[in-house]
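Have a look at work_15.pdb below; it lists PDB, C-alpha atoms, pLDDT in the B column.
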MODEL        1
ATOM      1  CA  MET A   1     136.010 108.354 100.500  1.00 41.00           C
ATOM      2  CA  ASP A   2     134.143 110.303 103.130  1.00 44.00           C
ATOM      3  CA  LYS A   3     131.229 111.188 100.937  1.00 47.00           C
ATOM      4  CA  LYS A   4     130.104 108.643  98.410  1.00 58.00           C
ATOM      5  CA  PRO A   5     128.374 109.547  95.193  1.00 60.00           C
ATOM      6  CA  ASP A   6     125.403 107.443  96.288  1.00 60.00           C
ATOM      7  CA  GLU A   7     124.720 110.111  98.902  1.00 73.00           C
ATOM      8  CA  LEU A   8     124.351 112.764  96.221  1.00 83.00           C
ATOM      9  CA  ASP A   9     120.844 114.161  95.765  1.00 88.00           C
ATOM     10  CA  ARG A  10     119.940 112.555  92.437  1.00 91.00           C
ATOM     11  CA  LEU A  11     117.276 115.130  91.799  1.00 94.00           C
ATOM     12  CA  ILE A  12     119.844 117.916  91.748  1.00 95.00           C
ATOM     13  CA  HIS A  13     122.817 116.015  90.325  1.00 94.00           C
ATOM     14  CA  GLU A  14     121.288 115.472  86.886  1.00 94.00           C
ATOM     15  CA  ARG A  15     122.992 117.899  84.502  1.00 92.00           C
ATOM     16  CA  ILE A  16     119.980 119.925  83.299  1.00 94.00           C
ATOM     17  CA  ARG A  17     118.410 120.048  86.765  1.00 96.00           C
ATOM     18  CA  LEU A  18     121.712 121.219  88.294  1.00 95.00           C
ATOM     19  CA  GLY A  19     121.702 123.928  85.633  1.00 95.00           C
ATOM     20  CA  ILE A  20     118.156 124.992  86.518  1.00 96.00           C
ATOM     21  CA  VAL A  21     118.731 125.247  90.280  1.00 96.00           C
ATOM     22  CA  SER A  22     122.131 126.948  89.825  1.00 95.00           C
ATOM     23  CA  ALA A  23     120.622 129.521  87.478  1.00 95.00           C
ATOM     24  CA  LEU A  24     117.762 130.115  89.953  1.00 96.00           C
ATOM     25  CA  ALA A  25     120.269 130.524  92.778  1.00 95.00           C
ATOM     26  CA  ALA A  26     121.749 133.408  90.803  1.00 93.00           C
ATOM     27  CA  ASN A  27     118.423 134.965  89.706  1.00 94.00           C
ATOM     28  CA  ASP A  28     115.255 135.472  91.760  1.00 94.00           C
ATOM     29  CA  THR A  29     113.048 134.476  88.842  1.00 96.00           C
ATOM     30  CA  LEU A  30     113.704 133.256  85.333  1.00 97.00           C
ATOM     31  CA  THR A  31     111.266 132.551  82.534  1.00 96.00           C
ATOM     32  CA  PHE A  32     111.144 129.335  80.539  1.00 95.00           C
ATOM     33  CA  ALA A  33     112.786 131.191  77.644  1.00 94.00           C
ATOM     34  CA  ASP A  34     115.586 132.494  79.926  1.00 95.00           C
ATOM     35  CA  LEU A  35     116.359 128.992  81.194  1.00 96.00           C
ATOM     36  CA  LYS A  36     116.253 127.563  77.697  1.00 95.00           C
ATOM     37  CA  GLU A  37     118.842 130.071  76.568  1.00 94.00           C
ATOM     38  CA  ILE A  38     121.084 129.710  79.636  1.00 93.00           C
ATOM     39  CA  LEU A  39     121.067 125.916  79.510  1.00 93.00           C
ATOM     40  CA  GLN A  40     120.946 125.474  75.751  1.00 92.00           C
ATOM     41  CA  ALA A  41     118.248 122.882  76.333  1.00 92.00           C
ATOM     42  CA  THR A  42     115.352 121.823  74.130  1.00 94.00           C
ATOM     43  CA  ASP A  43     111.755 122.658  75.153  1.00 95.00           C
ATOM     44  CA  GLY A  44     111.025 119.012  75.889  1.00 96.00           C
ATOM     45  CA  ASN A  45     114.125 118.385  77.963  1.00 95.00           C
ATOM     46  CA  LEU A  46     113.699 121.580  79.974  1.00 96.00           C
ATOM     47  CA  SER A  47     109.975 120.906  80.604  1.00 96.00           C
ATOM     48  CA  VAL A  48     110.603 117.378  81.852  1.00 97.00           C
ATOM     49  CA  HIS A  49     113.362 118.384  84.253  1.00 97.00           C
ATOM     50  CA  ALA A  50     111.607 121.529  85.504  1.00 97.00           C
ATOM     51  CA  ARG A  51     108.538 119.409  86.250  1.00 97.00           C
ATOM     52  CA  LYS A  52     110.613 116.960  88.292  1.00 97.00           C
ATOM     53  CA  LEU A  53     112.025 119.817  90.355  1.00 97.00           C
ATOM     54  CA  GLU A  54     108.556 121.313  90.776  1.00 97.00           C
ATOM     55  CA  GLU A  55     107.143 117.964  91.933  1.00 97.00           C
ATOM     56  CA  ALA A  56     109.915 117.723  94.526  1.00 96.00           C
ATOM     57  CA  GLY A  57     109.037 121.199  95.756  1.00 97.00           C
ATOM     58  CA  TYR A  58     112.507 122.511  94.832  1.00 97.00           C
ATOM     59  CA  ILE A  59     111.236 125.205  92.490  1.00 98.00           C
ATOM     60  CA  THR A  60     108.018 127.167  92.237  1.00 97.00           C
ATOM     61  CA  VAL A  61     106.331 127.803  88.926  1.00 96.00           C
ATOM     62  CA  THR A  62     104.048 130.731  88.147  1.00 95.00           C
ATOM     63  CA  LYS A  63     102.089 130.616  84.942  1.00 92.00           C
ATOM     64  CA  GLY A  64     100.679 133.792  83.514  1.00 88.00           C
ATOM     65  CA  TYR A  65     100.356 135.882  80.405  1.00 88.00           C
ATOM     66  CA  GLU A  66     102.290 138.811  79.041  1.00 84.00           C
ATOM     67  CA  ALA A  67     100.953 140.589  75.951  1.00 87.00           C
ATOM     68  CA  LYS A  68      98.548 137.652  75.509  1.00 88.00           C
ATOM     69  CA  LYS A  69     101.450 135.192  75.309  1.00 87.00           C
ATOM     70  CA  PRO A  70     101.924 132.536  77.988  1.00 87.00           C
ATOM     71  CA  ARG A  71     104.769 133.328  80.306  1.00 89.00           C
ATOM     72  CA  THR A  72     106.070 130.812  82.857  1.00 93.00           C
ATOM     73  CA  GLU A  73     108.289 132.014  85.672  1.00 96.00           C
ATOM     74  CA  TYR A  74     110.469 129.832  87.831  1.00 97.00           C
ATOM     75  CA  SER A  75     112.075 130.488  91.180  1.00 97.00           C
ATOM     76  CA  LEU A  76     113.997 128.475  93.771  1.00 97.00           C
ATOM     77  CA  SER A  77     111.910 127.509  96.818  1.00 97.00           C
ATOM     78  CA  PRO A  78     113.315 127.455 100.380  1.00 96.00           C
ATOM     79  CA  THR A  79     113.292 123.617 100.138  1.00 96.00           C
ATOM     80  CA  GLY A  80     115.220 123.804  96.868  1.00 96.00           C
ATOM     81  CA  LYS A  81     117.707 126.260  98.344  1.00 96.00           C
ATOM     82  CA  ALA A  82     118.331 123.949 101.304  1.00 95.00           C
ATOM     83  CA  ALA A  83     118.692 120.931  98.995  1.00 96.00           C
ATOM     84  CA  LEU A  84     121.145 122.811  96.792  1.00 96.00           C
ATOM     85  CA  GLU A  85     123.201 123.873  99.811  1.00 95.00           C
ATOM     86  CA  SER A  86     123.363 120.283 101.008  1.00 95.00           C
ATOM     87  CA  TYR A  87     124.322 119.099  97.508  1.00 95.00           C
ATOM     88  CA  LEU A  88     127.117 121.703  97.352  1.00 95.00           C
ATOM     89  CA  VAL A  89     128.606 120.497 100.630  1.00 94.00           C
ATOM     90  CA  LYS A  90     128.610 116.841  99.529  1.00 93.00           C
ATOM     91  CA  MET A  91     129.860 117.519  96.021  1.00 94.00           C
ATOM     92  CA  GLU A  92     132.628 119.811  97.275  1.00 93.00           C
ATOM     93  CA  SER A  93     133.730 117.041  99.606  1.00 92.00           C
ATOM     94  CA  ILE A  94     133.815 114.481  96.751  1.00 92.00           C
ATOM     95  CA  LEU A  95     135.737 116.877  94.492  1.00 93.00           C
ATOM     96  CA  ASP A  96     138.152 117.715  97.272  1.00 92.00           C
ATOM     97  CA  SER A  97     138.955 114.049  98.020  1.00 92.00           C
ATOM     98  CA  THR A  98     139.283 113.314  94.305  1.00 93.00           C
ATOM     99  CA  ARG A  99     141.587 116.258  93.711  1.00 92.00           C
ATOM    100  CA  LYS A 100     143.834 115.179  96.603  1.00 92.00           C
ATOM    101  CA  ALA A 101     143.866 111.591  95.310  1.00 90.00           C
ATOM    102  CA  LEU A 102     144.793 112.722  91.791  1.00 88.00           C
ATOM    103  CA  GLY A 103     147.588 114.880  93.190  1.00 84.00           C
ATOM    104  CA  LYS A 104     149.152 111.821  94.841  1.00 80.00           C
ATOM    105  CA  LYS A 105     148.804 109.623  91.748  1.00 70.00           C
ATOM    106  CA  LYS A 106     151.974 108.766  89.823  1.00 58.00           C
TER     107      LYS A 106
ATOM    108  CA  MET B 107     127.497 131.603  84.766  1.00 41.00           C
ATOM    109  CA  ASP B 108     131.002 131.174  83.433  1.00 44.00           C
ATOM    110  CA  LYS B 109     130.789 127.427  83.123  1.00 47.00           C
ATOM    111  CA  LYS B 110     127.496 125.949  82.099  1.00 58.00           C
ATOM    112  CA  PRO B 111     126.382 122.471  83.048  1.00 59.00           C
ATOM    113  CA  ASP B 112     126.118 121.625  79.351  1.00 60.00           C
ATOM    114  CA  GLU B 113     129.924 121.775  79.237  1.00 73.00           C
ATOM    115  CA  LEU B 114     130.206 119.036  81.851  1.00 84.00           C
ATOM    116  CA  ASP B 115     131.605 115.725  80.622  1.00 88.00           C
ATOM    117  CA  ARG B 116     128.433 113.631  80.670  1.00 91.00           C
ATOM    118  CA  LEU B 117     130.412 110.435  80.774  1.00 94.00           C
ATOM    119  CA  ILE B 118     131.946 111.376  84.115  1.00 95.00           C
ATOM    120  CA  HIS B 119     129.043 113.351  85.604  1.00 94.00           C
ATOM    121  CA  GLU B 120     126.709 110.359  85.919  1.00 94.00           C
ATOM    122  CA  ARG B 121     126.615 109.395  89.606  1.00 92.00           C
ATOM    123  CA  ILE B 122     127.907 105.804  89.411  1.00 94.00           C
ATOM    124  CA  ARG B 123     130.546 106.667  86.817  1.00 96.00           C
ATOM    125  CA  LEU B 124     131.757 109.609  88.923  1.00 95.00           C
ATOM    126  CA  GLY B 125     132.014 107.135  91.791  1.00 95.00           C
ATOM    127  CA  ILE B 126     134.074 104.705  89.689  1.00 96.00           C
ATOM    128  CA  VAL B 127     136.591 107.264  88.426  1.00 96.00           C
ATOM    129  CA  SER B 128     136.878 108.937  91.857  1.00 95.00           C
ATOM    130  CA  ALA B 129     137.555 105.590  93.521  1.00 95.00           C
ATOM    131  CA  LEU B 130     140.146 104.762  90.832  1.00 96.00           C
ATOM    132  CA  ALA B 131     141.794 108.139  91.353  1.00 95.00           C
ATOM    133  CA  ALA B 132     142.360 107.111  94.966  1.00 93.00           C
ATOM    134  CA  ASN B 133     143.422 103.489  94.251  1.00 94.00           C
ATOM    135  CA  ASP B 134     145.738 102.219  91.509  1.00 94.00           C
ATOM    136  CA  THR B 135     143.549  99.194  90.878  1.00 96.00           C
ATOM    137  CA  LEU B 136     140.232  97.995  92.256  1.00 97.00           C
ATOM    138  CA  THR B 137     138.369  94.776  91.586  1.00 96.00           C
ATOM    139  CA  PHE B 138     134.734  94.565  90.557  1.00 95.00           C
ATOM    140  CA  ALA B 139     133.897  93.449  94.104  1.00 94.00           C
ATOM    141  CA  ASP B 140     135.786  96.423  95.602  1.00 95.00           C
ATOM    142  CA  LEU B 141     133.892  98.898  93.428  1.00 96.00           C
ATOM    143  CA  LYS B 142     130.599  97.222  94.178  1.00 95.00           C
ATOM    144  CA  GLU B 143     131.200  97.642  97.884  1.00 94.00           C
ATOM    145  CA  ILE B 144     132.499 101.213  97.669  1.00 93.00           C
ATOM    146  CA  LEU B 145     129.635 102.375  95.471  1.00 93.00           C
ATOM    147  CA  GLN B 146     126.874 100.211  96.929  1.00 92.00           C
ATOM    148  CA  ALA B 147     125.884  99.426  93.346  1.00 92.00           C
ATOM    149  CA  THR B 148     124.230  96.361  91.886  1.00 94.00           C
ATOM    150  CA  ASP B 149     126.202  94.045  89.554  1.00 95.00           C
ATOM    151  CA  GLY B 150     124.148  95.150  86.575  1.00 96.00           C
ATOM    152  CA  ASN B 151     124.429  98.857  87.233  1.00 95.00           C
ATOM    153  CA  LEU B 152     128.169  98.684  87.893  1.00 96.00           C
ATOM    154  CA  SER B 153     128.804  96.543  84.772  1.00 96.00           C
ATOM    155  CA  VAL B 154     126.908  98.906  82.492  1.00 97.00           C
ATOM    156  CA  HIS B 155     128.672 102.024  83.746  1.00 97.00           C
ATOM    157  CA  ALA B 156     132.130 100.437  83.871  1.00 97.00           C
ATOM    158  CA  ARG B 157     131.656  99.323  80.253  1.00 97.00           C
ATOM    159  CA  LYS B 158     130.771 102.868  79.191  1.00 97.00           C
ATOM    160  CA  LEU B 159     133.942 104.183  80.818  1.00 97.00           C
ATOM    161  CA  GLU B 160     135.993 101.383  79.239  1.00 97.00           C
ATOM    162  CA  GLU B 161     134.542 102.131  75.786  1.00 97.00           C
ATOM    163  CA  ALA B 162     135.509 105.793  76.212  1.00 96.00           C
ATOM    164  CA  GLY B 163     139.058 104.732  77.104  1.00 97.00           C
ATOM    165  CA  TYR B 164     138.733 106.295  80.578  1.00 97.00           C
ATOM    166  CA  ILE B 165     139.452 103.081  82.466  1.00 98.00           C
ATOM    167  CA  THR B 166     141.345  99.908  81.659  1.00 97.00           C
ATOM    168  CA  VAL B 167     139.985  96.512  82.523  1.00 96.00           C
ATOM    169  CA  THR B 168     142.079  93.407  83.152  1.00 95.00           C
ATOM    170  CA  LYS B 169     140.289  90.096  83.326  1.00 92.00           C
ATOM    171  CA  GLY B 170     141.968  87.176  84.988  1.00 88.00           C
ATOM    172  CA  TYR B 171     141.533  84.406  87.483  1.00 89.00           C
ATOM    173  CA  GLU B 172     142.405  84.056  91.133  1.00 85.00           C
ATOM    174  CA  ALA B 173     141.945  80.669  92.794  1.00 87.00           C
ATOM    175  CA  LYS B 174     139.994  79.608  89.681  1.00 88.00           C
ATOM    176  CA  LYS B 175     137.489  82.422  90.211  1.00 87.00           C
ATOM    177  CA  PRO B 176     137.185  85.220  87.662  1.00 87.00           C
ATOM    178  CA  ARG B 177     138.727  88.439  88.882  1.00 89.00           C
ATOM    179  CA  THR B 178     138.298  91.723  87.025  1.00 93.00           C
ATOM    180  CA  GLU B 179     140.579  94.624  87.828  1.00 96.00           C
ATOM    181  CA  TYR B 180     139.965  98.225  86.924  1.00 97.00           C
ATOM    182  CA  SER B 181     142.312 101.172  86.755  1.00 97.00           C
ATOM    183  CA  LEU B 182     142.138 104.787  85.596  1.00 97.00           C
ATOM    184  CA  SER B 183     143.812 105.374  82.199  1.00 97.00           C
ATOM    185  CA  PRO B 184     145.812 108.537  81.396  1.00 96.00           C
ATOM    186  CA  THR B 185     142.841 109.637  79.225  1.00 96.00           C
ATOM    187  CA  GLY B 186     140.492 109.060  82.149  1.00 97.00           C
ATOM    188  CA  LYS B 187     142.777 110.953  84.513  1.00 96.00           C
ATOM    189  CA  ALA B 188     142.879 113.939  82.132  1.00 95.00           C
ATOM    190  CA  ALA B 189     139.097 113.824  81.694  1.00 96.00           C
ATOM    191  CA  LEU B 190     138.569 113.696  85.446  1.00 96.00           C
ATOM    192  CA  GLU B 191     140.913 116.654  85.974  1.00 95.00           C
ATOM    193  CA  SER B 192     139.023 118.665  83.386  1.00 95.00           C
ATOM    194  CA  TYR B 193     135.696 117.682  84.984  1.00 95.00           C
ATOM    195  CA  LEU B 194     136.964 118.785  88.410  1.00 95.00           C
ATOM    196  CA  VAL B 195     137.928 122.222  87.109  1.00 94.00           C
ATOM    197  CA  LYS B 196     134.521 122.781  85.470  1.00 93.00           C
ATOM    198  CA  MET B 197     132.515 121.393  88.349  1.00 94.00           C
ATOM    199  CA  GLU B 198     134.470 123.429  90.906  1.00 93.00           C
ATOM    200  CA  SER B 199     133.740 126.534  88.876  1.00 92.00           C
ATOM    201  CA  ILE B 200     129.984 125.746  88.781  1.00 92.00           C
ATOM    202  CA  LEU B 201     129.898 125.032  92.520  1.00 93.00           C
ATOM    203  CA  ASP B 202     131.854 128.176  93.255  1.00 92.00           C
ATOM    204  CA  SER B 203     129.486 130.416  91.251  1.00 91.00           C
ATOM    205  CA  THR B 204     126.472 128.712  92.795  1.00 92.00           C
ATOM    206  CA  ARG B 205     127.793 129.095  96.318  1.00 92.00           C
ATOM    207  CA  LYS B 206     128.457 132.809  95.744  1.00 92.00           C
ATOM    208  CA  ALA B 207     124.973 133.249  94.270  1.00 90.00           C
ATOM    209  CA  LEU B 208     123.339 131.462  97.225  1.00 88.00           C
ATOM    210  CA  GLY B 209     125.293 133.650  99.643  1.00 84.00           C
ATOM    211  CA  LYS B 210     123.812 136.780  98.065  1.00 80.00           C
ATOM    212  CA  LYS B 211     120.254 135.438  97.989  1.00 70.00           C
ATOM    213  CA  LYS B 212     117.736 136.904 100.452  1.00 58.00           C
TER     214      LYS B 212
ENDMDL
END
Rewrite the coordinates I just gave you, this time as structure tokens.
Amino acid sequence: MDKKPDELDRLIHERIRLGIVSALAANDTLTFADLKEILQATDGNLSVHARKLEEAGYITVTKGYEAKKPRTEYSLSPTGKAALESYLVKMESILDSTRKALGKKK
Amino acid sequence: MDKKPDELDRLIHERIRLGIVSALAANDTLTFADLKEILQATDGNLSVHARKLEEAGYITVTKGYEAKKPRTEYSLSPTGKAALESYLVKMESILDSTRKALGKKK
């Protein structure tokens, strides 16, 4: 294998976090409620994983109010975009090798 | 997104387990020592994840002896092969959407 799974960015690879960064690659900003719906995640699970991405500087979080209700907006940071691009390259390479290997398998 | 990360087979997505099934897609059988070297995993970590895959019926495990030393061999089962193929299709779709989205991003 050219690219080993141990080279994968663990921060992005986790299922919910991959969902968050992928959704933010497709949308400039998303609210907590948007992400919850897209990912079908619980409040707790989404909060924990969003915080990890925020701490790594992969996403930026803006807290505010709309009609007196708290509204949290997320967006992908330049660091997060670069990390996602690097993850894509490595993961595509793993999938490509695996697909070729499966094709050869009896 | 067409394919959401919550549709990903969690059993395969985990980093070490993805490494195990990918390595077994490329090799008919691998020993515990082979996998340890390929994945740069600890004994404990590899054992735990290999057991999970075995319990799911994704890999088959043959325990034996060679020169009086225990030797454990792993191989991908037909169920595991089918699960890996399905994972590849979903993951490729996620990566593809994400790559397109990143390309459009300012």
Tell me, counting all atoms listed in the file, for each residue of chain A within 10 Å of chain B, which pair of atoms is nearest and how far apart they are in Å to one decimal, in rows ordered by chain and increasing number, as JSON lines.
{"residue": "A:Met1", "atom": "CA", "partner": "B:Ala129", "partner_atom": "CA", "distance": 7.7}
{"residue": "A:Lys4", "atom": "CA", "partner": "B:Leu145", "partner_atom": "CA", "distance": 6.9}
{"residue": "A:Pro5", "atom": "CA", "partner": "B:Gly125", "partner_atom": "CA", "distance": 5.5}
{"residue": "A:Asp6", "atom": "CA", "partner": "B:Leu145", "partner_atom": "CA", "distance": 6.7}
{"residue": "A:Glu7", "atom": "CA", "partner": "B:Arg121", "partner_atom": "CA", "distance": 9.5}
{"residue": "A:Leu8", "atom": "CA", "partner": "B:Arg121", "partner_atom": "CA", "distance": 7.8}
{"residue": "A:Asp9", "atom": "CA", "partner": "B:Arg121", "partner_atom": "CA", "distance": 9.7}
{"residue": "A:Arg10", "atom": "CA", "partner": "B:Arg121", "partner_atom": "CA", "distance": 7.9}
{"residue": "A:His13", "atom": "CA", "partner": "B:Arg121", "partner_atom": "CA", "distance": 7.7}
{"residue": "A:Glu14", "atom": "CA", "partner": "B:Glu120", "partner_atom": "CA", "distance": 7.5}
{"residue": "A:Arg15", "atom": "CA", "partner": "B:Pro111", "partner_atom": "CA", "distance": 5.9}
{"residue": "A:Ile16", "atom": "CA", "partner": "B:Pro111", "partner_atom": "CA", "distance": 6.9}
{"residue": "A:Arg17", "atom": "CA", "partner": "B:Pro111", "partner_atom": "CA", "distance": 9.1}
{"residue": "A:Leu18", "atom": "CA", "partner": "B:Pro111", "partner_atom": "CA", "distance": 7.1}
{"residue": "A:Gly19", "atom": "CA", "partner": "B:Pro111", "partner_atom": "CA", "distance": 5.5}
{"residue": "A:Ile20", "atom": "CA", "partner": "B:Pro111", "partner_atom": "CA", "distance": 9.3}
{"residue": "A:Val21", "atom": "CA", "partner": "B:Thr204", "partner_atom": "CA", "distance": 8.8}
{"residue": "A:Ser22", "atom": "CA", "partner": "B:Thr204", "partner_atom": "CA", "distance": 5.5}
{"residue": "A:Ala23", "atom": "CA", "partner": "B:Met107", "partner_atom": "CA", "distance": 7.7}
{"residue": "A:Leu24", "atom": "CA", "partner": "B:Ala207", "partner_atom": "CA", "distance": 9.0}
{"residue": "A:Ala25", "atom": "CA", "partner": "B:Leu208", "partner_atom": "CA", "distance": 5.5}
{"residue": "A:Ala26", "atom": "CA", "partner": "B:Ala207", "partner_atom": "CA", "distance": 4.7}
{"residue": "A:Asn27", "atom": "CA", "partner": "B:Ala207", "partner_atom": "CA", "distance": 8.2}
{"residue": "A:Asp28", "atom": "CA", "partner": "B:Lys211", "partner_atom": "CA", "distance": 8.0}
{"residue": "A:Ile38", "atom": "CA", "partner": "B:Lys110", "partner_atom": "CA", "distance": 7.8}
{"residue": "A:Leu39", "atom": "CA", "partner": "B:Asp112", "partner_atom": "CA", "distance": 6.6}
{"residue": "A:Gln40", "atom": "CA", "partner": "B:Asp112", "partner_atom": "CA", "distance": 7.4}
{"residue": "A:Ala41", "atom": "CA", "partner": "B:Asp112", "partner_atom": "CA", "distance": 8.5}
{"residue": "A:Lys81", "atom": "CA", "partner": "B:Leu208", "partner_atom": "CA", "distance": 7.7}
{"residue": "A:Ala82", "atom": "CA", "partner": "B:Leu208", "partner_atom": "CA", "distance": 9.9}
{"residue": "A:Leu84", "atom": "CA", "partner": "B:Thr204", "partner_atom": "CA", "distance": 8.9}
{"residue": "A:Glu85", "atom": "CA", "partner": "B:Arg205", "partner_atom": "CA", "distance": 7.8}
{"residue": "A:Tyr87", "atom": "CA", "partner": "B:Leu201", "partner_atom": "CA", "distance": 9.5}
{"residue": "A:Leu88", "atom": "CA", "partner": "B:Leu201", "partner_atom": "CA", "distance": 6.5}
{"residue": "A:Val89", "atom": "CA", "partner": "B:Leu201", "partner_atom": "CA", "distance": 9.4}
{"residue": "A:Met91", "atom": "CA", "partner": "B:Leu201", "partner_atom": "CA", "distance": 8.3}
{"residue": "A:Glu92", "atom": "CA", "partner": "B:Glu198", "partner_atom": "CA", "distance": 7.6}
{"residue": "A:Ile94", "atom": "CA", "partner": "B:Ser128", "partner_atom": "CA", "distance": 8.0}
{"residue": "A:Leu95", "atom": "CA", "partner": "B:Leu194", "partner_atom": "CA", "distance": 6.5}
{"residue": "A:Asp96", "atom": "CA", "partner": "B:Leu194", "partner_atom": "CA", "distance": 9.0}
{"residue": "A:Ser97", "atom": "CA", "partner": "B:Ser128", "partner_atom": "CA", "distance": 8.3}
{"residue": "A:Thr98", "atom": "CA", "partner": "B:Ser128", "partner_atom": "CA", "distance": 5.6}
{"residue": "A:Arg99", "atom": "CA", "partner": "B:Leu194", "partner_atom": "CA", "distance": 7.5}
{"residue": "A:Lys100", "atom": "CA", "partner": "B:Ala132", "partner_atom": "CA", "distance": 8.4}
{"residue": "A:Ala101", "atom": "CA", "partner": "B:Ala132", "partner_atom": "CA", "distance": 4.7}
{"residue": "A:Leu102", "atom": "CA", "partner": "B:Ala131", "partner_atom": "CA", "distance": 5.5}
{"residue": "A:Gly103", "atom": "CA", "partner": "B:Ala131", "partner_atom": "CA", "distance": 9.1}
{"residue": "A:Lys104", "atom": "CA", "partner": "B:Ala132", "partner_atom": "CA", "distance": 8.3}
{"residue": "A:Lys105", "atom": "CA", "partner": "B:Ala131", "partner_atom": "CA", "distance": 7.2}
{"residue": "A:Lys106", "atom": "CA", "partner": "B:Asp134", "partner_atom": "CA", "distance": 9.2}
message: Quick one: residues within 10 Å of stretch 165-178 of chain B, all atoms listed in the file, excluding same-chain residues fewer than 4 positions away - as JSON, numbers by chain?
response: {"B": [126, 127, 130, 135, 136, 137, 138, 139, 156, 157, 158, 159, 160, 161, 182, 183, 184, 185, 186, 187]}
- prompt: To one decimal place, how far is atom CA of A:Ser93 from atom CA of B:Glu143 in Å?
  reply: 19.6 Å
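If you look at atom CA of A:Leu11 and atom CA of B:Tyr164, they are 25.8 Å away from each other.
The space between atom CA of A:Leu46 and atom CA of A:Tyr74 spans 11.8 Å.
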